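These notes are about the structure you will find just below.
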Amino acid sequence: MSRFFIIAVAAALLLSGAGARQAAAQDPSLAEDDLGYFQKQFADGHLIAQAQLQTGPNSLTRYRYDRFPGVQRLVLDDGSVYMNRGDSWVQSGDWSAGGGPQPDTKNGNKLDEYAAIVMLPFQEPIHNDPKQGKTVWKLADHQEKDGYETFTYEETREHPHKGGVYPQFTFVKRTGDQDGYLALQWFTGQIRSGNQLVPVRVRYDLKKEKTPGAQPEELVFLAKQMLNGKPLKVDADAGGAANCRIAGILSGRNFDLTVMTPERTFRQIEVGANCWLSADGGKTWKKQAPAVFDKRYYLLVYTPLHYDPHEMIPPFETVNEFPQDGASVRWVRLLAPETVHYDGDRSAYWLTMKDNSVTGIRHFDGPMLFDTDYVILHADYSAPGGNSAVLPPPGNPAAVPQTGPEMLLMAALGKMADGSVWKVDAEADAGKKARITGLISGQDFDLTETPLEGGTAIREIAIKRKAWGSFDGGATWRKEKPDDRLPFNIVNAAMVPGRMEVGFETLDKEEQEGGALVHIRVKDTSIVSAKPPAENVTPGSAAATPATDSDTDRMNYWLLLDKAGNAVSVRRYSGPIYMGGDIVHCDESFTKADGEKIMPPKGK
């Protein structure tokens, strides 16, 4: 799936006719039913709990708890792992071990307490103060999020103590879930430890698997551990505030990276405490002090690999697995209730596997922090081969990235943003087909959207902060919101200037009078775009192997070049555009509209 993200300002995609759902909170008294339902669910499945105890003013105790039928496991924040297959804990991380070491009598009571804390929400409350009366459930918070809702209920009393702290339970309600059958997501409360009250917060996740085994997040941890400090080639792109392509060699804290943005290209090398910068392709180098050396781009591509022996990675899920080069690639993704919109809306790894053991990281997609902004990173990692060392200037030639026609594309997009007026003729398909024709210039437009399967044509004009719409062929007009510009977003998506595009390949070149027309396409991203297999398909089987991307699944551009081979403009775009959580397949042509202007409706 290509990495082309355009977020629509509309709440629903006009072409698909999607509508918003109105939410209604469930009766708070059904919280007890929710707890009972959730307990029945994990009794025959896999419960994951991540607990945090506020053990001091500035100290936290964290641990993870896994429960399968017949076995419990605890992972403490020092990395130690304990298993319990009966009524005692042993220090072991082997899911398949039937017996194992002797019971841990030193830590046994503490481990029992940790497990008991996780199970607190499912125990009958003990009322030591009858004056407070019966248990009362109250709605404390209700939020509508991306594809689901959360309801937080407080388990209080009829006559609660003033200033008293009572436990709270947060449940998740997805589309189609019935009240009383919701999944528990969070529990917060206090436990007594000696004379102190210790705040507790526990996150719950549930998987359907019944057989204990290595979890996807454990494989991510092992892959990071395995690659720690080893040299890797990286080729990545990031949007948003970063807006760059980063390529080169990483070797722990040392790196040789070339950073390409629409404005400039530079190369950075760090070896030990020595740092160098080149702004002319490696011809000259300037040594820089480590304190002022810009490491933001390095951190973008290094952070997904960073190994911390104390890291407690949250739960992941396996999305797909497919053969590659005599082994396989396993796609694992952060387990979260939000709707999946696109590759990168949550952390995901493509892990290389051999004989069901992880051997490395092939790819990462996910949100990353760049300064104070979140950006989406797509990063390919591979073994460099040959001399893979990070060397002082002039650096390792193996670190120099290969560039392609994406540079021509950026030049063409930049020239089209010079204030000229462009004539557009596009066909868009998002379940329903429409033709969009008219003029665009920067953020101004005069566009007509005509449904191809019957319906009323709509014409919209927007000039700066004014906008008008007509539903009768231009006979009458009414004022519209200037931000309601979905047809414009669709046709303008292929013309956005100043965005660092991913790698492209040249497919064809047609000589024309005065220049040439070059067809380029985004490089094959089948590893990243492998669709999840159909339900009940065995990962790694032929049915789970990703299909070859078609032209409708990948970005295609036709670039107009002059006689000297310089980019003039984009002549045509064909491929997907992502609008929120929807995909619009588009085929758009652009020609320069010399002498034409975008004008308000007559009399406006």
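Quick note on naming: the chains in the structure tokens go A, B, ... in the order shown, residues restart at 1 in each chain, and ligands are numbered from 1 in order of appearance.
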
Discussion item. I need the alpha helix (DSSP H) residues of region 402-595 of chain A per DSSP on the backbone, written as a ChimeraX atom specification.
Written reply: /A:406-416,486-492,526-529

Residue subset to file, keeping C-alpha atoms, as a JSON list (two decimals), in the first residue's frame:
[["chain", "number", "residue", "atom", "x", "y", "z"],
["A", 406, "GLU", "CA", 11.53, 11.22, -7.19],
["A", 407, "MET", "CA", 13.89, 14.20, -7.44],
["A", 408, "LEU", "CA", 12.33, 15.11, -10.80],
["A", 409, "LEU", "CA", 8.89, 14.73, -9.24],
["A", 410, "MET", "CA", 9.70, 17.17, -6.43],
["A", 411, "ALA", "CA", 11.04, 19.67, -8.95],
["A", 412, "ALA", "CA", 7.85, 19.37, -11.03],
["A", 413, "LEU", "CA", 5.60, 19.84, -8.00],
["A", 414, "GLY", "CA", 7.58, 22.89, -6.96],
["A", 415, "LYS", "CA", 7.18, 24.52, -10.37],
["A", 416, "MET", "CA", 3.42, 23.87, -10.41],
["A", 486, "LEU", "CA", -13.29, 17.61, -0.43],
["A", 487, "PRO", "CA", -13.25, 17.59, -4.27],
["A", 488, "PHE", "CA", -10.29, 19.98, -4.17],
["A", 489, "ASN", "CA", -8.44, 17.76, -1.68],
["A", 490, "ILE", "CA", -8.85, 14.81, -4.05],
["A", 491, "VAL", "CA", -7.52, 16.51, -7.19],
["A", 492, "ASN", "CA", -4.90, 18.56, -5.34],
["A", 526, "SER", "CA", 4.78, -5.38, -1.08],
["A", 527, "ILE", "CA", 6.36, -6.14, 2.31],
["A", 528, "VAL", "CA", 4.73, -3.08, 3.80],
["A", 529, "SER", "CA", 1.44, -3.40, 1.96]]

Fill in: 12 Å contact set for Leu439 (chain A), only C-alpha atoms, chain neighbours under 4 positions out, as number ranges by chain
A: 420-426, 443-448, 459-463, 487-488, 491-492, 589-599

Item to complete: May I have the residues within 7 Å of Arg330 (chain A) as a PyMOL selection string, using only C-alpha atoms and disregarding those fewer than 3 positions away in the same chain?
Response: chain A and resi 320-322+350-353

Could you produce a table of the residues of region 204-298 of chain A lying within 7 Å of region 493-517 of chain A, with the nearest pair of atoms per residue and their separation in Å rounded to one decimal, using only C-alpha atoms, ordered by chain and increasing residue number, as JSON lines?
{"residue": "A:Asp237", "atom": "CA", "partner": "A:Val502", "partner_atom": "CA", "distance": 6.5}
{"residue": "A:Asn243", "atom": "CA", "partner": "A:Met500", "partner_atom": "CA", "distance": 5.6}
{"residue": "A:Cys244", "atom": "CA", "partner": "A:Met500", "partner_atom": "CA", "distance": 5.4}
{"residue": "A:Arg245", "atom": "CA", "partner": "A:Met500", "partner_atom": "CA", "distance": 6.7}
{"residue": "A:Thr261", "atom": "CA", "partner": "A:Met500", "partner_atom": "CA", "distance": 6.0}
{"residue": "A:Pro262", "atom": "CA", "partner": "A:Gly498", "partner_atom": "CA", "distance": 5.6}

Go ahead and save the residues from that selection, with C-alpha atoms, as a compact mmCIF listing (two decimals), in the first residue's frame.
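Generated output (out_11.txt):
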# COMPACT_ATOMS: atom_id res chain seq x y z
CA ASP A 237 11.06 8.63 4.84
CA ASN A 243 9.44 15.88 5.66
CA CYS A 244 12.57 14.04 4.64
CA ARG A 245 14.24 10.94 3.29
CA THR A 261 14.48 17.47 2.20
CA PRO A 262 12.78 19.53 -0.52

Item to complete: Pick out the closest residue to Thr211 (chain A) from this set: A:Trp331, A:Phe68, A:Thr303, A:Val198. Count only C-alpha atoms.
Response: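 Of all the options, A:Phe68 lies closest to Thr211 (chain A).
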
Fill in: Residues within 9 Å of Ala238 (chain A), only C-alpha atoms, excluding chain neighbours under 3 positions, as a list of chain:residue names
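Final neighbour list, sorted by chain and number: A:Ala241, A:Ala242, A:Asn243, A:Cys244, A:Arg245, A:Ile246, A:Leu300, A:Met368, A:Val375, A:Ile376, A:Leu377, A:His378, A:Ala379, A:Met500.
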
Item to complete: Can you pull out every residue within 10 Å of Pro231 (chain A), counting only C-alpha atoms, but drop anything in the same chain fewer than 2 positions away, and send it as number ranges by chain?
Response: A: 227-229, 233-234, 249-252, 254-255, 382-385, 387-390

Dump all heavy atoms for the selected residues as a tab-separated table (two decimals), in the first residue's frame?
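Saved result, again36.tsv, follows:
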chain	number	residue	atom	x	y	z
A	227	LEU	N	20.08	-7.03	17.26
A	227	LEU	CA	20.67	-6.04	16.37
A	227	LEU	C	21.44	-4.96	17.11
A	227	LEU	O	22.04	-4.08	16.48
A	227	LEU	CB	19.58	-5.37	15.53
A	227	LEU	CG	18.80	-6.29	14.58
A	227	LEU	CD1	17.65	-5.52	13.94
A	227	LEU	CD2	19.70	-6.88	13.52
A	228	ASN	N	21.43	-5.01	18.43
A	228	ASN	CA	22.04	-3.95	19.24
A	228	ASN	C	23.51	-3.74	18.88
A	228	ASN	O	24.34	-4.65	19.03
A	228	ASN	CB	21.92	-4.31	20.73
A	228	ASN	CG	22.40	-3.20	21.63
A	228	ASN	OD1	22.23	-2.02	21.32
A	228	ASN	ND2	22.99	-3.57	22.76
A	229	GLY	N	23.83	-2.55	18.37
A	229	GLY	CA	25.20	-2.19	18.04
A	229	GLY	C	25.69	-2.70	16.71
A	229	GLY	O	26.79	-2.33	16.28
A	233	LYS	N	21.98	-1.03	7.12
A	233	LYS	CA	21.63	0.01	6.15
A	233	LYS	C	20.20	0.42	6.41
A	233	LYS	O	19.35	-0.40	6.76
A	233	LYS	CB	21.78	-0.52	4.72
A	233	LYS	CG	23.21	-0.71	4.28
A	233	LYS	CD	23.34	-0.76	2.77
A	233	LYS	CE	23.22	0.61	2.14
A	233	LYS	NZ	23.56	0.62	0.69
A	234	VAL	N	19.92	1.68	6.24
A	234	VAL	CA	18.57	2.20	6.44
A	234	VAL	C	18.20	3.10	5.27
A	234	VAL	O	19.05	3.82	4.73
A	234	VAL	CB	18.45	2.98	7.77
A	234	VAL	CG1	19.41	4.16	7.80
A	234	VAL	CG2	17.02	3.44	8.02
A	249	ILE	N	24.04	4.33	6.83
A	249	ILE	CA	24.42	3.21	7.70
A	249	ILE	C	24.30	3.64	9.16
A	249	ILE	O	24.73	4.73	9.54
A	249	ILE	CB	25.87	2.74	7.41
A	249	ILE	CG1	25.97	2.17	6.00
A	249	ILE	CG2	26.30	1.69	8.43
A	249	ILE	CD1	27.38	1.75	5.62
A	250	LEU	N	23.70	2.76	9.96
A	250	LEU	CA	23.63	2.91	11.41
A	250	LEU	C	24.49	1.83	12.04
A	250	LEU	O	24.50	0.69	11.59
A	250	LEU	CB	22.20	2.74	11.91
A	250	LEU	CG	21.13	3.70	11.42
A	250	LEU	CD1	19.76	3.19	11.84
A	250	LEU	CD2	21.37	5.09	11.98
A	251	SER	N	25.19	2.19	13.10
A	251	SER	CA	25.94	1.20	13.87
A	251	SER	C	25.94	1.65	15.32
A	251	SER	O	26.88	2.27	15.80
A	251	SER	CB	27.38	1.06	13.35
A	251	SER	OG	28.06	0.02	14.05
A	252	GLY	N	24.83	1.34	16.02
A	252	GLY	CA	24.69	1.80	17.39
A	252	GLY	C	24.63	3.31	17.43
A	252	GLY	O	23.81	3.95	16.77
A	254	ASN	N	27.00	5.26	16.34
A	254	ASN	CA	27.70	5.79	15.18
A	254	ASN	C	26.79	5.74	13.95
A	254	ASN	O	25.99	4.81	13.81
A	254	ASN	CB	28.97	4.98	14.89
A	254	ASN	CG	29.95	5.04	16.05
A	254	ASN	OD1	29.97	6.01	16.82
A	254	ASN	ND2	30.76	4.01	16.20
A	255	PHE	N	26.95	6.72	13.06
A	255	PHE	CA	26.11	6.71	11.87
A	255	PHE	C	26.72	7.54	10.76
A	255	PHE	O	27.54	8.44	10.99
A	255	PHE	CB	24.70	7.23	12.19
A	255	PHE	CG	24.66	8.64	12.73
A	255	PHE	CD1	24.55	9.73	11.88
A	255	PHE	CD2	24.72	8.87	14.10
A	255	PHE	CE1	24.49	11.03	12.38
A	255	PHE	CE2	24.65	10.16	14.62
A	255	PHE	CZ	24.54	11.25	13.75
A	382	SER	N	18.32	-3.22	6.42
A	382	SER	CA	18.91	-4.39	5.76
A	382	SER	C	20.37	-4.51	6.15
A	382	SER	O	21.00	-3.53	6.59
A	382	SER	CB	18.77	-4.28	4.24
A	382	SER	OG	19.43	-3.12	3.76
A	383	ALA	N	20.92	-5.72	6.00
A	383	ALA	CA	22.34	-5.94	6.26
A	383	ALA	C	23.14	-5.23	5.19
A	383	ALA	O	22.85	-5.37	4.00
A	383	ALA	CB	22.65	-7.42	6.27
A	384	PRO	N	24.16	-4.43	5.55
A	384	PRO	CA	24.88	-3.64	4.55
A	384	PRO	C	25.75	-4.47	3.63
A	384	PRO	O	25.93	-4.14	2.47
A	384	PRO	CB	25.71	-2.67	5.40
A	384	PRO	CG	25.86	-3.35	6.71
A	384	PRO	CD	24.62	-4.18	6.93
A	385	GLY	N	26.33	-5.59	4.13
A	385	GLY	CA	27.21	-6.39	3.30
A	385	GLY	C	28.54	-5.68	3.06
A	385	GLY	O	28.64	-4.46	3.11
A	387	ASN	N	32.06	-3.97	3.38
A	387	ASN	CA	32.59	-3.10	4.43
A	387	ASN	C	31.45	-2.23	4.96
A	387	ASN	O	31.00	-1.30	4.31
A	387	ASN	CB	33.70	-2.22	3.87
A	387	ASN	CG	34.28	-1.31	4.93
A	387	ASN	OD1	33.98	-1.44	6.12
A	387	ASN	ND2	35.12	-0.38	4.51
A	388	SER	N	30.97	-2.58	6.14
A	388	SER	CA	29.80	-1.90	6.69
A	388	SER	C	30.16	-0.93	7.82
A	388	SER	O	29.28	-0.48	8.53
A	388	SER	CB	28.81	-2.94	7.22
A	388	SER	OG	29.43	-3.77	8.19
A	389	ALA	N	31.42	-0.60	7.96
A	389	ALA	CA	31.83	0.26	9.06
A	389	ALA	C	31.41	1.71	8.81
A	389	ALA	O	31.31	2.16	7.67
A	389	ALA	CB	33.35	0.19	9.24
A	390	VAL	N	31.14	2.42	9.91
A	390	VAL	CA	30.94	3.87	9.83
A	390	VAL	C	32.32	4.51	9.93
A	390	VAL	O	33.01	4.37	10.94
A	390	VAL	CB	30.02	4.36	10.96
A	390	VAL	CG1	29.91	5.88	10.92
A	390	VAL	CG2	28.64	3.72	10.85

Worksheet entry | d(CA of Arg333 (chain A), CA of Ile361 (chain A)) in Å |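 Separating CA of Arg333 (chain A) from CA of Ile361 (chain A) is a distance of 13.1 Å.
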
Discussion item. If DSSP is run on the backbone, what residues of region 438-497 of chain A are strand (DSSP E)? A reply as an NGL selection string would be ideal.
Written reply: :A and (438-441 or 444-451 or 458-463 or 466-470 or 478-479)

Practice prompt. May I have the residues within 12 Å of Val292 (chain A) as a ChimeraX atom specification, using only C-alpha atoms and disregarding those fewer than 4 positions away in the same chain?
Written response: /A:274-277,287-288,296

Practice prompt. Measuring atom to atom with only C-alpha atoms, identify which of A:Gly56, A:Gly565, A:Gly194, A:Pro401 is nearest to Gly281 (chain A).
Written response: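 Of the candidates, the smallest distance to Gly281 (chain A) is held by A:Pro401.
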
Fill in: Gap from CA of Trp89 (chain A) to CA of Ala51 (chain A) - Å, one decimal
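So the answer is 18.3 Å.
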
Discussion item. Between CA of Asp78 (chain A) and CA of Gly272 (chain A), what distance in Å does the model show, to one decimal?
Written reply: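 For CA of Asp78 (chain A) relative to CA of Gly272 (chain A), the distance reads 28.6 Å.
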
Discussion item. Please determine, counting only C-alpha atoms, which residue among A:Val518, A:Ala279, A:Leu120, A:Met555 has the shortest atom-to-atom distance to Val200 (chain A).
Written reply: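 For Val200 (chain A), the nearest of the candidates is A:Leu120.
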
Residues within 12 Å of Glu158 (chain A), please, as a CSV table (one decimal) with all heavy atoms, in the first residue's frame. Count only C-alpha atoms; anything in the same chain fewer than 4 positions from it doesn't count.
chain,number,residue,atom,x,y,z
A,127,HIS,N,-16.5,-4.2,52.3
A,127,HIS,CA,-16.9,-3.0,52.9
A,127,HIS,C,-16.6,-3.0,54.4
A,127,HIS,O,-17.3,-3.6,55.2
A,127,HIS,CB,-18.4,-2.7,52.7
A,127,HIS,CG,-18.8,-2.5,51.2
A,127,HIS,ND1,-20.1,-2.7,50.8
A,127,HIS,CD2,-18.0,-2.2,50.2
A,127,HIS,CE1,-20.1,-2.4,49.5
A,127,HIS,NE2,-18.9,-2.1,49.1
A,129,ASP,N,-16.6,-0.2,56.2
A,129,ASP,CA,-17.3,0.9,56.8
A,129,ASP,C,-18.8,0.8,56.4
A,129,ASP,O,-19.2,1.4,55.4
A,129,ASP,CB,-16.7,2.2,56.5
A,129,ASP,CG,-17.4,3.4,57.2
A,129,ASP,OD1,-18.3,3.2,58.0
A,129,ASP,OD2,-17.0,4.5,56.9
A,130,PRO,N,-19.7,0.1,57.2
A,130,PRO,CA,-21.1,0.0,56.8
A,130,PRO,C,-21.8,1.4,56.7
A,130,PRO,O,-22.9,1.5,56.0
A,130,PRO,CB,-21.7,-0.9,57.8
A,130,PRO,CG,-20.8,-0.7,59.0
A,130,PRO,CD,-19.4,-0.5,58.4
A,131,LYS,N,-21.3,2.4,57.3
A,131,LYS,CA,-22.0,3.7,57.3
A,131,LYS,C,-22.0,4.3,55.9
A,131,LYS,O,-22.8,5.2,55.6
A,131,LYS,CB,-21.2,4.7,58.3
A,131,LYS,CG,-21.4,4.3,59.7
A,131,LYS,CD,-20.6,5.3,60.6
A,131,LYS,CE,-20.7,5.0,62.1
A,131,LYS,NZ,-20.0,5.9,62.9
A,132,GLN,N,-21.1,3.9,55.0
A,132,GLN,CA,-21.1,4.4,53.7
A,132,GLN,C,-22.2,3.8,52.8
A,132,GLN,O,-22.5,4.3,51.7
A,132,GLN,CB,-19.8,4.1,53.0
A,132,GLN,CG,-18.6,4.9,53.7
A,132,GLN,CD,-17.3,4.8,52.9
A,132,GLN,OE1,-17.3,5.1,51.7
A,132,GLN,NE2,-16.3,4.3,53.5
A,133,GLY,N,-22.8,2.8,53.3
A,133,GLY,CA,-24.0,2.2,52.6
A,133,GLY,C,-23.5,1.3,51.4
A,133,GLY,O,-22.4,0.8,51.4
A,134,LYS,N,-24.5,1.0,50.5
A,134,LYS,CA,-24.2,0.1,49.4
A,134,LYS,C,-23.3,0.6,48.3
A,134,LYS,O,-23.1,1.8,48.3
A,134,LYS,CB,-25.6,-0.3,48.8
A,134,LYS,CG,-26.5,-1.0,49.7
A,134,LYS,CD,-27.8,-1.3,49.0
A,134,LYS,CE,-28.8,-2.0,50.0
A,134,LYS,NZ,-30.1,-2.3,49.3
A,135,THR,N,-22.9,-0.3,47.5
A,135,THR,CA,-22.1,0.1,46.3
A,135,THR,C,-22.9,0.8,45.3
A,135,THR,O,-24.1,0.4,45.0
A,135,THR,CB,-21.4,-1.1,45.7
A,135,THR,OG1,-20.5,-1.8,46.6
A,135,THR,CG2,-20.7,-0.8,44.4
A,136,VAL,N,-22.4,1.9,44.8
A,136,VAL,CA,-23.1,2.7,43.7
A,136,VAL,C,-22.1,2.9,42.6
A,136,VAL,O,-21.0,3.3,42.8
A,136,VAL,CB,-23.6,4.0,44.3
A,136,VAL,CG1,-24.2,4.9,43.2
A,136,VAL,CG2,-24.6,3.8,45.4
A,137,TRP,N,-22.6,2.6,41.4
A,137,TRP,CA,-21.8,2.9,40.2
A,137,TRP,C,-22.2,4.2,39.6
A,137,TRP,O,-23.3,4.4,39.3
A,137,TRP,CB,-21.9,1.7,39.2
A,137,TRP,CG,-21.3,0.4,39.6
A,137,TRP,CD1,-21.9,-0.5,40.3
A,137,TRP,CD2,-20.0,0.0,39.3
A,137,TRP,NE1,-21.1,-1.6,40.5
A,137,TRP,CE2,-19.9,-1.3,39.9
A,137,TRP,CE3,-18.9,0.5,38.7
A,137,TRP,CZ2,-18.7,-2.0,39.9
A,137,TRP,CZ3,-17.8,-0.2,38.6
A,137,TRP,CH2,-17.7,-1.5,39.2
A,138,LYS,N,-21.2,5.0,39.3
A,138,LYS,CA,-21.4,6.3,38.7
A,138,LYS,C,-20.5,6.5,37.4
A,138,LYS,O,-19.4,6.1,37.4
A,138,LYS,CB,-21.1,7.5,39.7
A,138,LYS,CG,-22.1,7.5,40.8
A,138,LYS,CD,-21.8,8.7,41.7
A,138,LYS,CE,-22.8,8.8,42.9
A,138,LYS,NZ,-22.5,10.0,43.7
A,162,LYS,N,-16.0,12.2,52.1
A,162,LYS,CA,-15.6,13.4,51.4
A,162,LYS,C,-14.1,13.4,51.1
A,162,LYS,O,-13.3,13.2,52.0
A,162,LYS,CB,-15.9,14.7,52.3
A,162,LYS,CG,-15.7,16.0,51.5
A,162,LYS,CD,-16.1,17.2,52.3
A,162,LYS,CE,-15.9,18.5,51.6
A,162,LYS,NZ,-16.3,19.7,52.4

Practice prompt. Could you tell me which of A:Pro392, A:Pro121, A:Gly366, A:Pro309 comes closest to Glu270 (chain A) if we count only C-alpha atoms?
Written response: A:Pro392

Practice prompt. Choose the residue, out of A:Asp371, A:Thr339, A:Pro125, A:Gly180, that has the smallest atom-to-atom separation from Tyr166 (chain A); count only C-alpha atoms.
Written response: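 Between A:Asp371, A:Thr339, A:Pro125, A:Gly180, the residue approaching Tyr166 (chain A) most closely is A:Pro125.
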
Worksheet item: Of the residues A:Asp94, A:Glu217, A:Asp418, A:Glu263, which is the one nearest to Ala348 (chain A), using only C-alpha atoms?
Response: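 Nearest to Ala348 (chain A): A:Glu217.
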